[in-house]
$ cat model_7.txt   # compact mmCIF, C-alpha atoms
# COMPACT_ATOMS: atom_id res chain seq x y z
CA MET A 1 -51.50 -34.03 -85.27
CA SER A 2 -50.16 -36.27 -88.01
CA ALA A 3 -50.55 -35.11 -91.59
CA VAL A 4 -50.86 -38.69 -92.82
CA ARG A 5 -54.38 -39.23 -94.18
CA THR A 6 -54.27 -41.66 -97.09
CA VAL A 7 -52.25 -44.52 -95.59
CA PRO A 8 -53.06 -46.87 -92.71
CA THR A 9 -51.92 -46.35 -89.16
CA THR A 10 -49.74 -49.16 -87.80
CA ARG A 11 -49.37 -48.32 -84.11
CA ALA A 12 -51.03 -51.20 -82.28
CA TYR A 13 -47.62 -52.09 -80.81
CA ALA A 14 -47.64 -48.81 -78.83
CA ASP A 15 -50.65 -49.83 -76.74
CA PRO A 16 -49.57 -50.73 -73.19
CA ASP A 17 -51.54 -53.97 -73.46
CA SER A 18 -50.33 -54.95 -76.93
CA LYS A 19 -48.86 -58.37 -77.64
CA SER A 20 -45.53 -56.69 -78.36
CA ALA A 21 -45.68 -55.08 -74.91
CA GLN A 22 -46.38 -58.43 -73.30
CA LEU A 23 -43.51 -60.10 -75.15
CA TRP A 24 -41.20 -57.22 -74.24
CA ALA A 25 -42.02 -57.68 -70.56
CA ARG A 26 -41.10 -61.36 -70.81
CA ALA A 27 -37.97 -60.69 -72.84
CA GLN A 28 -36.48 -58.39 -70.24
CA GLN A 29 -36.53 -61.21 -67.72
CA VAL A 30 -34.47 -63.64 -69.79
CA LEU A 31 -32.44 -61.50 -72.24
CA PRO A 32 -30.04 -58.64 -71.36
CA GLY A 33 -32.08 -55.53 -72.01
CA GLY A 34 -34.66 -57.84 -73.57
CA ASN A 35 -32.40 -58.14 -76.58
CA SER A 36 -30.23 -60.54 -78.58
CA ARG A 37 -29.44 -58.14 -81.41
CA THR A 38 -28.58 -54.51 -80.78
CA THR A 39 -29.79 -53.34 -84.19
CA VAL A 40 -33.41 -54.40 -83.55
CA TYR A 41 -33.76 -52.66 -80.19
CA MET A 42 -36.26 -49.81 -80.21
CA ALA A 43 -37.48 -47.59 -77.37
CA PRO A 44 -39.79 -47.80 -75.57
CA ARG A 45 -40.19 -51.35 -76.86
CA PRO A 46 -39.49 -53.29 -80.07
CA ILE A 47 -42.17 -54.50 -82.46
CA TYR A 48 -42.31 -58.29 -82.60
CA ALA A 49 -42.71 -59.93 -86.01
CA ALA A 50 -45.23 -62.71 -86.55
CA ASP A 51 -44.84 -63.61 -90.22
CA GLY A 52 -43.80 -62.35 -93.60
CA ALA A 53 -44.94 -62.91 -97.17
CA GLY A 54 -43.16 -61.39 -100.14
CA CYS A 55 -42.40 -57.76 -99.35
CA TRP A 56 -44.83 -57.51 -96.43
CA VAL A 57 -44.27 -58.32 -92.77
CA THR A 58 -47.02 -58.62 -90.15
CA ASP A 59 -46.35 -57.99 -86.47
CA VAL A 60 -47.84 -59.90 -83.54
CA ASP A 61 -50.56 -57.25 -83.15
CA GLY A 62 -51.74 -57.71 -86.72
CA ASP A 63 -50.29 -54.59 -88.33
CA ARG A 64 -48.79 -55.07 -91.78
CA ARG A 65 -45.84 -53.05 -93.14
CA LEU A 66 -44.02 -52.84 -96.43
CA ASP A 67 -40.64 -54.38 -95.65
CA LEU A 68 -37.91 -52.32 -97.27
CA LEU A 69 -35.22 -53.56 -94.90
CA ASN A 70 -35.40 -57.31 -95.62
CA ASN A 71 -33.57 -58.40 -92.48
CA TYR A 72 -30.89 -55.80 -93.10
CA THR A 73 -30.54 -56.53 -96.84
CA SER A 74 -30.28 -60.33 -96.57
CA LEU A 75 -33.67 -61.29 -98.07
CA ILE A 76 -33.21 -60.50 -101.74
CA HIS A 77 -36.46 -62.32 -102.62
CA GLY A 78 -38.44 -61.11 -99.63
CA HIS A 79 -40.17 -63.44 -97.18
CA ALA A 80 -41.12 -67.08 -97.73
CA HIS A 81 -40.37 -67.28 -101.44
CA PRO A 82 -42.03 -70.55 -102.54
CA ALA A 83 -39.03 -71.98 -104.42
CA ILE A 84 -36.61 -71.20 -101.57
CA THR A 85 -39.01 -72.52 -98.95
CA GLU A 86 -39.47 -75.73 -100.94
CA ALA A 87 -35.71 -76.26 -101.34
CA ALA A 88 -35.03 -75.71 -97.64
CA THR A 89 -37.94 -77.92 -96.58
CA ARG A 90 -36.87 -80.72 -98.91
CA ARG A 91 -33.32 -80.65 -97.56
CA LEU A 92 -34.51 -80.36 -93.94
CA ALA A 93 -36.63 -83.50 -94.33
CA ARG A 94 -33.44 -85.41 -95.19
CA GLY A 95 -31.42 -84.08 -92.24
CA ALA A 96 -30.43 -80.63 -91.03
CA SER A 97 -26.72 -81.09 -90.28
CA PHE A 98 -24.03 -83.76 -90.35
CA PRO A 99 -20.44 -84.33 -89.23
CA MET A 100 -19.66 -84.70 -92.95
CA PRO A 101 -19.68 -82.41 -95.98
CA THR A 102 -22.69 -82.43 -98.29
CA PRO A 103 -23.07 -81.91 -102.06
CA GLU A 104 -24.98 -78.66 -101.53
CA GLU A 105 -21.89 -76.71 -100.47
CA ILE A 106 -20.14 -77.59 -103.73
CA ASP A 107 -23.14 -76.41 -105.72
CA LEU A 108 -23.38 -73.01 -104.01
CA ALA A 109 -19.61 -72.50 -104.08
CA SER A 110 -19.66 -73.20 -107.81
CA VAL A 111 -22.24 -70.46 -108.40
CA ILE A 112 -20.06 -67.91 -106.61
CA VAL A 113 -16.90 -69.01 -108.41
CA ASP A 114 -18.67 -68.87 -111.78
CA ARG A 115 -19.92 -65.33 -111.18
CA VAL A 116 -17.02 -63.59 -109.46
CA ALA A 117 -13.82 -63.33 -111.48
CA SER A 118 -11.58 -62.82 -108.46
CA VAL A 119 -12.86 -65.93 -106.69
CA GLU A 120 -11.31 -69.31 -107.50
CA GLN A 121 -12.25 -71.05 -104.26
CA VAL A 122 -14.80 -70.52 -101.48
CA ARG A 123 -15.03 -71.45 -97.82
CA PHE A 124 -18.29 -71.09 -95.89
CA THR A 125 -18.94 -69.61 -92.45
CA ASN A 126 -22.11 -68.86 -90.48
CA SER A 127 -22.23 -65.07 -90.67
CA GLY A 128 -20.74 -62.03 -92.34
CA THR A 129 -18.81 -61.29 -89.16
CA GLU A 130 -17.15 -64.70 -89.33
CA ALA A 131 -16.44 -64.24 -93.02
CA VAL A 132 -14.62 -60.96 -92.41
CA MET A 133 -12.77 -62.48 -89.46
CA MET A 134 -11.53 -65.32 -91.63
CA THR A 135 -10.41 -62.99 -94.45
CA ILE A 136 -8.31 -61.11 -91.92
CA LYS A 137 -6.85 -64.32 -90.50
CA ALA A 138 -6.18 -65.61 -94.01
CA ALA A 139 -4.37 -62.41 -94.95
CA ARG A 140 -2.19 -62.64 -91.87
CA GLY A 141 -1.43 -66.30 -92.53
CA PHE A 142 -0.59 -65.68 -96.17
CA THR A 143 1.56 -62.56 -95.75
CA GLY A 144 3.15 -63.23 -92.38
CA ARG A 145 2.21 -59.70 -91.32
CA SER A 146 -0.17 -58.85 -88.49
CA ARG A 147 -1.60 -55.38 -89.08
CA ILE A 148 -4.60 -54.46 -91.21
CA ALA A 149 -5.98 -51.21 -92.59
CA LYS A 150 -9.67 -50.34 -92.73
CA PHE A 151 -11.72 -47.25 -93.50
CA GLU A 152 -13.13 -44.86 -90.96
CA GLY A 153 -16.78 -45.49 -90.11
CA ALA A 154 -17.04 -48.77 -92.04
CA TYR A 155 -18.80 -51.71 -90.45
CA HIS A 156 -17.27 -55.15 -90.96
CA GLY A 157 -18.97 -57.16 -88.21
CA SER A 158 -18.37 -57.77 -84.52
CA TYR A 159 -14.68 -58.72 -84.60
CA ASP A 160 -12.44 -56.51 -82.45
CA TRP A 161 -10.08 -55.54 -85.27
CA ALA A 162 -12.91 -54.96 -87.74
CA GLU A 163 -14.77 -52.68 -85.30
CA VAL A 164 -11.99 -50.14 -84.84
CA SER A 165 -13.16 -46.55 -85.49
CA LEU A 166 -16.64 -47.72 -86.41
CA GLY A 167 -18.52 -44.93 -84.65
CA SER A 168 -15.93 -42.25 -83.95
CA SER A 169 -17.06 -38.67 -83.31
CA ALA A 170 -15.56 -35.33 -84.29
CA ASP A 171 -13.94 -34.76 -80.90
CA GLN A 172 -12.01 -38.04 -81.24
CA TRP A 173 -11.37 -38.86 -84.87
CA GLY A 174 -8.13 -36.93 -85.43
CA PRO A 175 -6.76 -35.53 -88.69
CA LEU A 176 -8.28 -36.57 -92.01
CA ASP A 177 -4.97 -37.85 -93.39
CA ALA A 178 -4.40 -40.10 -90.34
CA PRO A 179 -7.70 -40.93 -88.58
CA ALA A 180 -7.33 -42.15 -85.01
CA SER A 181 -7.72 -45.85 -84.19
CA LEU A 182 -10.55 -45.82 -81.66
CA PRO A 183 -12.36 -48.62 -79.80
CA TYR A 184 -16.02 -49.31 -80.51
CA ALA A 185 -16.71 -51.72 -77.63
CA LYS A 186 -15.57 -51.05 -74.09
CA GLY A 187 -12.71 -53.34 -73.14
CA THR A 188 -11.11 -53.46 -76.58
CA PRO A 189 -7.42 -54.20 -75.88
CA PRO A 190 -5.01 -51.35 -76.71
CA SER A 191 -2.99 -53.88 -78.69
CA VAL A 192 -5.92 -54.23 -81.11
CA LEU A 193 -5.88 -50.50 -81.77
CA ASP A 194 -2.16 -50.65 -82.45
CA GLU A 195 -2.77 -53.33 -85.08
CA VAL A 196 -5.33 -51.36 -87.12
CA VAL A 197 -4.49 -48.45 -89.42
CA VAL A 198 -7.52 -46.28 -90.15
CA LEU A 199 -7.90 -44.67 -93.56
CA PRO A 200 -10.18 -41.95 -94.98
CA PHE A 201 -12.77 -43.35 -97.41
CA ASN A 202 -12.88 -41.98 -100.97
CA ARG A 203 -9.85 -39.76 -100.29
CA THR A 204 -7.51 -41.34 -102.82
CA GLU A 205 -4.28 -39.44 -102.25
CA LEU A 206 -4.58 -39.46 -98.46
CA ALA A 207 -5.42 -43.16 -98.27
CA VAL A 208 -2.64 -44.20 -100.65
CA ALA A 209 -0.08 -42.10 -98.78
CA ARG A 210 -0.94 -43.71 -95.46
CA ILE A 211 -0.93 -47.23 -96.92
CA GLU A 212 2.52 -46.61 -98.37
CA LYS A 213 3.76 -45.31 -95.03
CA GLU A 214 2.55 -48.43 -93.18
CA ALA A 215 3.04 -50.93 -96.04
CA LYS A 216 5.75 -53.11 -94.51
CA THR A 217 3.51 -54.17 -91.63
CA LEU A 218 0.15 -54.46 -93.41
CA ALA A 219 -1.36 -57.85 -94.21
CA ALA A 220 -4.53 -56.45 -95.74
CA VAL A 221 -6.55 -53.41 -96.64
CA ILE A 222 -10.25 -54.16 -96.19
CA VAL A 223 -12.85 -52.02 -97.94
CA ASP A 224 -16.59 -52.13 -98.42
CA PRO A 225 -17.23 -50.61 -101.86
CA VAL A 226 -20.68 -49.36 -100.74
CA PRO A 227 -20.30 -48.95 -96.95
CA ASN A 228 -23.65 -48.63 -95.18
CA ARG A 229 -22.39 -47.28 -91.85
CA ALA A 230 -20.32 -44.73 -93.73
CA GLY A 231 -23.41 -43.37 -95.44
CA LEU A 232 -23.98 -45.97 -98.20
CA ILE A 233 -21.81 -43.80 -100.44
CA PRO A 234 -20.46 -45.78 -103.40
CA ALA A 235 -16.70 -45.74 -103.68
CA ARG A 236 -15.22 -43.75 -106.54
CA ALA A 237 -13.82 -45.98 -109.28
CA ASP A 238 -10.46 -44.19 -109.28
CA PHE A 239 -10.26 -44.67 -105.51
CA LEU A 240 -10.72 -48.43 -105.78
CA ARG A 241 -8.25 -48.66 -108.68
CA ALA A 242 -5.67 -46.81 -106.59
CA LEU A 243 -6.22 -49.23 -103.70
CA ARG A 244 -5.70 -52.17 -106.04
CA GLU A 245 -2.48 -50.68 -107.40
CA VAL A 246 -0.90 -49.68 -104.09
CA THR A 247 -1.71 -52.97 -102.34
CA ALA A 248 -0.39 -55.02 -105.24
CA ALA A 249 2.81 -52.96 -105.31
CA HIS A 250 3.52 -53.71 -101.64
CA GLY A 251 2.35 -57.32 -101.35
CA ILE A 252 -0.69 -56.34 -99.29
CA LEU A 253 -3.91 -58.27 -99.82
CA LEU A 254 -6.89 -56.22 -100.95
CA VAL A 255 -10.05 -57.51 -99.25
CA PHE A 256 -13.53 -56.54 -100.40
CA ASP A 257 -16.30 -56.81 -97.84
CA GLU A 258 -19.30 -57.64 -100.03
CA VAL A 259 -21.55 -58.97 -97.30
CA ILE A 260 -24.05 -56.24 -98.23
CA SER A 261 -22.76 -54.93 -101.55
CA PHE A 262 -22.86 -58.30 -103.33
CA ARG A 263 -26.51 -57.48 -104.05
CA VAL A 264 -25.66 -54.48 -106.29
CA GLY A 265 -24.80 -56.57 -109.34
CA TYR A 266 -24.75 -60.05 -110.85
CA ARG A 267 -21.00 -60.22 -110.12
CA GLY A 268 -21.17 -58.08 -107.02
CA ALA A 269 -19.85 -54.58 -106.55
CA GLN A 270 -16.42 -55.68 -107.74
CA GLY A 271 -17.98 -56.66 -111.04
CA VAL A 272 -19.66 -53.26 -111.35
CA PHE A 273 -16.41 -51.43 -110.57
CA GLY A 274 -14.16 -53.79 -112.51
CA ILE A 275 -11.77 -54.46 -109.60
CA ARG A 276 -10.31 -57.85 -108.63
CA PRO A 277 -9.53 -58.07 -104.90
CA ASP A 278 -7.46 -60.89 -103.45
CA LEU A 279 -10.14 -61.96 -100.98
CA THR A 280 -13.86 -61.25 -100.61
CA SER A 281 -16.23 -61.77 -97.72
CA PHE A 282 -19.82 -62.70 -98.57
CA GLY A 283 -23.00 -63.17 -96.56
CA LYS A 284 -26.66 -62.19 -96.43
CA ILE A 285 -28.18 -62.87 -99.89
CA ILE A 286 -26.15 -66.02 -100.57
CA GLY A 287 -27.97 -67.89 -97.76
CA GLY A 288 -31.55 -67.58 -98.98
CA GLY A 289 -32.65 -66.16 -95.62
CA PHE A 290 -30.61 -68.52 -93.42
CA PRO A 291 -27.44 -67.72 -91.41
CA VAL A 292 -24.47 -67.67 -93.78
CA GLY A 293 -21.10 -66.23 -94.61
CA ALA A 294 -18.31 -67.09 -97.01
CA VAL A 295 -14.72 -66.25 -97.83
CA GLY A 296 -13.64 -66.38 -101.46
CA GLY A 297 -10.45 -65.56 -103.30
CA ARG A 298 -7.66 -66.74 -105.50
CA ALA A 299 -6.51 -70.28 -104.88
CA GLU A 300 -3.01 -69.31 -103.76
CA VAL A 301 -4.39 -67.27 -100.88
CA MET A 302 -7.20 -69.70 -100.04
CA SER A 303 -4.62 -72.46 -99.68
CA VAL A 304 -3.95 -71.22 -96.12
CA PHE A 305 -7.11 -73.17 -95.18
CA ASP A 306 -6.09 -76.39 -96.98
CA PRO A 307 -5.81 -79.32 -94.48
CA ARG A 308 -4.53 -81.95 -96.93
CA GLY A 309 -0.94 -81.61 -95.82
CA GLY A 310 -1.70 -81.64 -92.11
CA LYS A 311 -2.55 -78.68 -89.92
CA PRO A 312 -3.31 -75.76 -92.26
CA LEU A 313 -1.67 -72.38 -91.86
CA VAL A 314 -5.07 -71.05 -90.77
CA PRO A 315 -7.22 -73.76 -89.19
CA HIS A 316 -10.94 -73.11 -89.57
CA GLY A 317 -13.71 -75.20 -88.06
CA GLY A 318 -17.36 -74.54 -87.38
CA THR A 319 -20.14 -76.95 -86.45
CA PHE A 320 -22.60 -75.35 -88.85
CA ASN A 321 -20.26 -74.20 -91.63
CA ALA A 322 -21.86 -75.00 -95.02
CA ASN A 323 -25.05 -76.15 -93.33
CA PRO A 324 -26.94 -78.08 -96.03
CA VAL A 325 -30.27 -76.32 -95.41
CA THR A 326 -28.60 -72.95 -95.86
CA MET A 327 -26.71 -74.18 -98.90
CA ALA A 328 -29.89 -75.51 -100.55
CA ALA A 329 -31.83 -72.30 -99.89
CA GLY A 330 -28.91 -70.13 -100.96
CA LEU A 331 -28.44 -72.01 -104.21
CA VAL A 332 -32.02 -71.36 -105.28
CA ALA A 333 -31.87 -67.73 -104.15
CA MET A 334 -28.78 -67.12 -106.24
CA GLN A 335 -30.06 -69.02 -109.28
CA LEU A 336 -33.18 -66.84 -109.28
CA MET A 337 -30.98 -63.73 -109.40
CA ASP A 338 -29.96 -63.78 -113.04
CA GLU A 339 -28.62 -60.78 -114.94
CA ARG A 340 -32.13 -59.70 -115.93
CA ALA A 341 -33.18 -59.59 -112.27
CA PHE A 342 -30.24 -57.34 -111.42
CA ALA A 343 -31.03 -55.07 -114.37
CA ARG A 344 -34.57 -54.70 -113.01
CA PHE A 345 -33.12 -53.78 -109.61
CA ASP A 346 -30.94 -51.11 -111.21
CA GLU A 347 -33.94 -49.57 -112.94
CA MET A 348 -36.25 -49.72 -109.93
CA GLY A 349 -33.57 -48.49 -107.55
CA ALA A 350 -32.80 -45.47 -109.72
CA LYS A 351 -36.52 -44.60 -109.98
CA LEU A 352 -37.01 -44.95 -106.25
CA ARG A 353 -34.04 -42.75 -105.38
CA SER A 354 -35.27 -40.12 -107.85
CA GLY A 355 -38.72 -40.31 -106.32
CA VAL A 356 -37.36 -39.84 -102.81
CA GLU A 357 -35.41 -36.75 -103.88
CA ALA A 358 -38.64 -35.31 -105.30
CA CYS A 359 -40.45 -36.02 -102.02
CA PHE A 360 -37.87 -34.12 -99.98
CA GLU A 361 -37.99 -31.20 -102.39
CA ARG A 362 -41.78 -31.11 -102.46
CA ALA A 363 -42.05 -31.15 -98.67
CA GLY A 364 -39.34 -28.55 -98.15
CA VAL A 365 -37.72 -30.83 -95.57
CA PRO A 366 -33.91 -31.12 -95.66
CA GLY A 367 -32.90 -34.58 -96.79
CA ALA A 368 -31.07 -36.68 -99.33
CA ILE A 369 -30.68 -40.25 -100.53
CA THR A 370 -27.61 -42.29 -101.42
CA GLY A 371 -27.16 -45.83 -102.65
CA MET A 372 -26.59 -48.08 -105.63
CA GLY A 373 -28.59 -50.78 -107.36
CA SER A 374 -31.20 -52.14 -104.97
CA LEU A 375 -29.68 -50.35 -101.96
CA PHE A 376 -30.66 -46.93 -100.67
CA ARG A 377 -30.24 -44.82 -97.56
CA LEU A 378 -32.15 -41.73 -96.50
CA HIS A 379 -30.20 -38.85 -94.95
CA ALA A 380 -31.33 -36.04 -92.69
CA ALA A 381 -29.68 -33.29 -94.75
CA PRO A 382 -28.45 -32.66 -98.28
CA ARG A 383 -24.73 -32.15 -98.64
CA ALA A 384 -21.74 -33.38 -100.58
CA PHE A 385 -21.38 -36.93 -99.26
CA VAL A 386 -17.82 -38.12 -99.72
CA ASP A 387 -16.78 -40.11 -96.66
CA TYR A 388 -17.90 -41.07 -93.17
CA ARG A 389 -17.26 -37.64 -91.71
CA SER A 390 -19.52 -35.96 -94.23
CA THR A 391 -22.46 -38.13 -93.09
CA VAL A 392 -22.26 -37.46 -89.35
CA VAL A 393 -25.41 -35.61 -88.31
CA SER A 394 -26.07 -32.82 -85.84
CA ASP A 395 -28.43 -33.30 -82.90
CA GLU A 396 -31.11 -31.33 -84.74
CA GLU A 397 -30.73 -33.45 -87.87
CA ARG A 398 -30.86 -36.64 -85.85
CA ALA A 399 -34.02 -35.58 -84.05
CA ARG A 400 -35.73 -34.64 -87.32
CA PHE A 401 -34.80 -37.94 -88.92
CA ASP A 402 -36.02 -39.87 -85.88
CA ARG A 403 -39.42 -38.22 -86.34
CA LEU A 404 -39.45 -39.23 -90.00
CA TYR A 405 -38.49 -42.82 -89.16
CA ARG A 406 -41.33 -43.08 -86.62
CA GLU A 407 -43.85 -41.62 -89.06
CA LEU A 408 -42.88 -44.23 -91.65
CA LEU A 409 -42.96 -47.04 -89.11
CA ASP A 410 -46.34 -45.97 -87.77
CA HIS A 411 -47.82 -45.73 -91.27
CA GLY A 412 -46.85 -48.99 -92.87
CA VAL A 413 -43.19 -48.81 -93.98
CA LEU A 414 -40.25 -50.62 -92.39
CA LEU A 415 -36.75 -49.16 -92.80
CA SER A 416 -33.68 -49.13 -90.58
CA PRO A 417 -33.63 -46.36 -87.93
CA THR A 418 -30.55 -45.06 -89.76
CA GLY A 419 -32.47 -44.81 -93.05
CA LEU A 420 -31.06 -47.93 -94.71
CA GLY A 421 -33.40 -49.67 -97.10
CA CYS A 422 -33.34 -52.11 -100.00
CA LEU A 423 -35.54 -53.67 -102.61
CA SER A 424 -36.47 -57.31 -102.90
CA THR A 425 -37.69 -59.03 -106.05
CA ALA A 426 -41.15 -59.04 -104.42
CA VAL A 427 -41.36 -55.24 -104.67
CA GLY A 428 -43.23 -54.03 -107.74
CA GLU A 429 -44.26 -50.64 -109.08
CA SER A 430 -47.33 -50.47 -106.83
CA GLU A 431 -45.28 -51.12 -103.69
CA ALA A 432 -42.71 -48.51 -104.70
CA GLU A 433 -45.52 -46.01 -105.25
CA TYR A 434 -46.98 -46.91 -101.84
CA PHE A 435 -43.63 -46.16 -100.21
CA LEU A 436 -43.40 -42.76 -101.90
CA GLU A 437 -46.98 -41.96 -100.89
CA VAL A 438 -46.24 -42.75 -97.25
CA LEU A 439 -42.96 -40.83 -97.44
CA ASN A 440 -44.74 -37.78 -98.86
CA ALA A 441 -47.29 -37.82 -96.07
CA SER A 442 -44.66 -38.49 -93.40
CA LEU A 443 -42.49 -35.62 -94.58
CA ALA A 444 -45.52 -33.33 -94.49
CA SER A 445 -46.06 -34.37 -90.89
CA VAL A 446 -42.40 -33.72 -90.03
CA ALA A 447 -42.57 -30.31 -91.71
CA GLY A 448 -45.74 -29.48 -89.78
CA SER A 449 -44.14 -30.34 -86.45
CA ALA A 450 -40.99 -28.28 -87.07
$ encode --input "model_7.txt" --output "structure tokens"
Amino acid sequence: MSAVRTVPTTRAYADPDSKSAQLWARAQQVLPGGNSRTTVYMAPRPIYAADGAGCWVTDVDGDRRLDLLNNYTSLIHGHAHPAITEAATRRLARGASFPMPTPEEIDLASVIVDRVASVEQVRFTNSGTEAVMMTIKAARGFTGRSRIAKFEGAYHGSYDWAEVSLGSSADQWGPLDAPASLPYAKGTPPSVLDEVVVLPFNRTELAVARIEKEAKTLAAVIVDPVPNRAGLIPARADFLRALREVTAAHGILLVFDEVISFRVGYRGAQGVFGIRPDLTSFGKIIGGGFPVGAVGGRAEVMSVFDPRGGKPLVPHGGTFNANPVTMAAGLVAMQLMDERAFARFDEMGAKLRSGVEACFERAGVPGAITGMGSLFRLHAAPRAFVDYRSTVVSDEERARFDRLYRELLDHGVLLSPTGLGCLSTAVGESEAEYFLEVLNASLASVAGSA
């Protein structure tokens, strides 16, 4: 029996005759596995959203949950922010897309250039995956080299090269100083694996040594400074400085993937760490809730996209690149995020992470929390988190965390099944306290079922 007593139950979706169940039955007829997005699949059936307001989302069966996932960190102002909604609606009424550029893309690009010291020019895409793909292509076009290096366990979107060694397990991953290049999706060509050097995250000496060994063939080293799939462990400052130094010494482009981590500071994670990469991929929060991605960097590198002299070194089209509705919504979303707003995130995020640690300790349930700024991730066990390998869980830990996730979901809190969460500007002290109350009760339930 659940130990949760003081928070509502949100389990209407589990009823065989629920609206979510009915939608799920229809979905399986027209979508493979009833799904268009692997990350939102949930057994025995997903919960279908109806609407959202601020930091709350209501499902089709009428249950309301505190949304601490925000469409996987993209909604920095929560749902249906009035100013963003008004900007998108106003632009939509004047046309949704054109075979011409619009002023809105210049305005949003200018905001990014003004904030991020390493970025002199910007080019828009439709997703973070596309943004990473184009940084890799730009690096190859600029350097004339074909291989890239990435870090074990890091997610950089659904591009074959970016997916290498995304979910490797202990029986496959090889030595720490030279992690194996492993496919994530079945059918990945062996040639892709040959083109990707895998590095250990936060292991400065080992990573630098391998980069130096492979330097002559490397176009880029791509790193997420706060990699979610690798445990949401912030990179060590000395580690990032070493990457900057070794790549610069060998003419390798340093690429920051800030699709998620751009929300940790007014100037992104690179501003917090004081590092200037050559290229950066952006996404999520810069679109105001609409599909978006962007590549930014120094003008010399970005010139590979320049069509003024004829075919560019790296041609790049896209029917919906710099879509004006996205650009209008993104501009308002970014303008609302001034330095004071980020300072509030830092304070609230630190308090929340401290509160979560206290909840685990009080319940006597093994667990931990990592993160930075407005980002956090719950873990099934406390240990010294350094790199991807240190975050891989045992079957027992996974089962215990799955129980915790379900307790939270069924009592009014929405997180990722992996424990990823984030704040939006719509979250206040009362909502943070609500989360900790539900977490306390959920942990008590997990402890009681052990």
$ residues_around --input "model_7.txt" --residues "range 136-143 of chain A" --least-positions-apart "6" --cutoff "8 Å" --atoms "all atoms listed in the file" --output "PDB file with C-alpha atoms, in the frame of the given file"
ATOM      1  CA  ALA A 219      -1.360 -57.850 -94.210  1.00  0.00           C
ATOM      2  CA  ALA A 220      -4.530 -56.450 -95.740  1.00  0.00           C
ATOM      3  CA  GLY A 251       2.350 -57.320-101.350  1.00  0.00           C
ATOM      4  CA  ILE A 252      -0.690 -56.340 -99.290  1.00  0.00           C
ATOM      5  CA  LEU A 253      -3.910 -58.270 -99.820  1.00  0.00           C
ATOM      6  CA  VAL A 301      -4.390 -67.270-100.880  1.00  0.00           C
ATOM      7  CA  MET A 302      -7.200 -69.700-100.040  1.00  0.00           C
ATOM      8  CA  VAL A 304      -3.950 -71.220 -96.120  1.00  0.00           C
ATOM      9  CA  PHE A 305      -7.110 -73.170 -95.180  1.00  0.00           C
ATOM     10  CA  LEU A 313      -1.670 -72.380 -91.860  1.00  0.00           C
ATOM     11  CA  VAL A 314      -5.070 -71.050 -90.770  1.00  0.00           C
TER      12      VAL A 314
END
$ atom_distance --input "model_7.txt" --atom1 "CA of Gln22 in chain A" --atom2 "CA of Arg64 in chain A"
18.9 Å
$ closest_residue --input "model_7.txt" --among "A:Phe151, A:Phe98, A:Phe376, A:Phe385" --to "Tyr72 in chain A" --atoms "all atoms listed in the file"
A:Phe376
$ residues_around --input "model_7.txt" --residues "Gly271 in chain A" --least-positions-apart "3" --cutoff "10 Å" --atoms "only C-alpha atoms" --output "list in words"
Arg115, Val116, Ala117, Ser118, Phe262, Val264, Gly265, Tyr266, Arg267, Gly268, Gly274, Ile275 and Arg276 of chain A
$ atom_distance --input "model_7.txt" --atom1 "CA of Leu68 in chain A" --atom2 "CA of Ala53 in chain A"
12.7 Å
$ atom_distance --input "model_7.txt" --atom1 "CA of Leu420 in chain A" --atom2 "CA of Asn202 in chain A"
20.1 Å
$ closest_residue --input "model_7.txt" --among "A:Gly283, A:Pro227, A:Pro16, A:Pro312" --to "Met334 in chain A" --atoms "only C-alpha atoms"
A:Gly283
$ closest_residue --input "model_7.txt" --among "A:Phe282, A:Phe345, A:Trp161, A:Trp173" --to "Pro189 in chain A" --atoms "all atoms listed in the file"
A:Trp161
$ residues_around --input "model_7.txt" --residues "Ala242 in chain A" --least-positions-apart "4" --cutoff "8 Å" --atoms "all atoms listed in the file" --output "list of chain:residue names"
A:Thr204, A:Val208, A:Asp238, A:Val246
$ closest_residue --input "model_7.txt" --among "A:Thr125, A:Ser110, A:Thr73, A:Thr89" --to "Asn321 in chain A" --atoms "all atoms listed in the file"
A:Thr125
$ residues_around --input "model_7.txt" --residues "Arg263 in chain A" --least-positions-apart "3" --cutoff "8 Å" --atoms "only C-alpha atoms" --output "list in words"
Ile76, Ile260, Tyr266, Gly268, Ala269, Ile285, Gly373 and Ser374 of chain A
$ residues_around --input "model_7.txt" --residues "Leu254 in chain A" --least-positions-apart "6" --cutoff "10 Å" --atoms "all atoms listed in the file" --output "JSON, numbers by chain"
{"A": [139, 149, 219, 220, 221, 222, 223, 240, 243, 244, 245, 246, 247, 248, 276, 277, 278, 279, 280]}
$ closest_residue --input "model_7.txt" --among "A:Met372, A:Ile47, A:Val57, A:Leu206" --to "His79 in chain A" --atoms "all atoms listed in the file"
A:Val57
$ closest_residue --input "model_7.txt" --among "A:Ala426, A:Ala12, A:Ile369, A:Met327" --to "Arg344 in chain A" --atoms "all atoms listed in the file"
A:Ala426
$ decode --input "model_7.txt" --residues "range 76-87 of chain A" --atoms "C-alpha atoms" --output "tab-separated table (two decimals), in the first residue's frame"
chain	number	residue	atom	x	y	z
A	76	ILE	CA	12.20	27.66	-19.82
A	77	HIS	CA	9.05	29.70	-19.07
A	78	GLY	CA	6.71	26.75	-18.71
A	79	HIS	CA	3.53	26.33	-20.73
A	80	ALA	CA	1.60	29.03	-22.59
A	81	HIS	CA	3.48	32.04	-21.26
A	82	PRO	CA	1.27	35.01	-22.24
A	83	ALA	CA	4.02	37.14	-23.82
A	84	ILE	CA	5.39	34.23	-25.86
A	85	THR	CA	1.93	33.12	-26.92
A	86	GLU	CA	1.08	36.66	-28.00
A	87	ALA	CA	4.28	37.02	-30.04
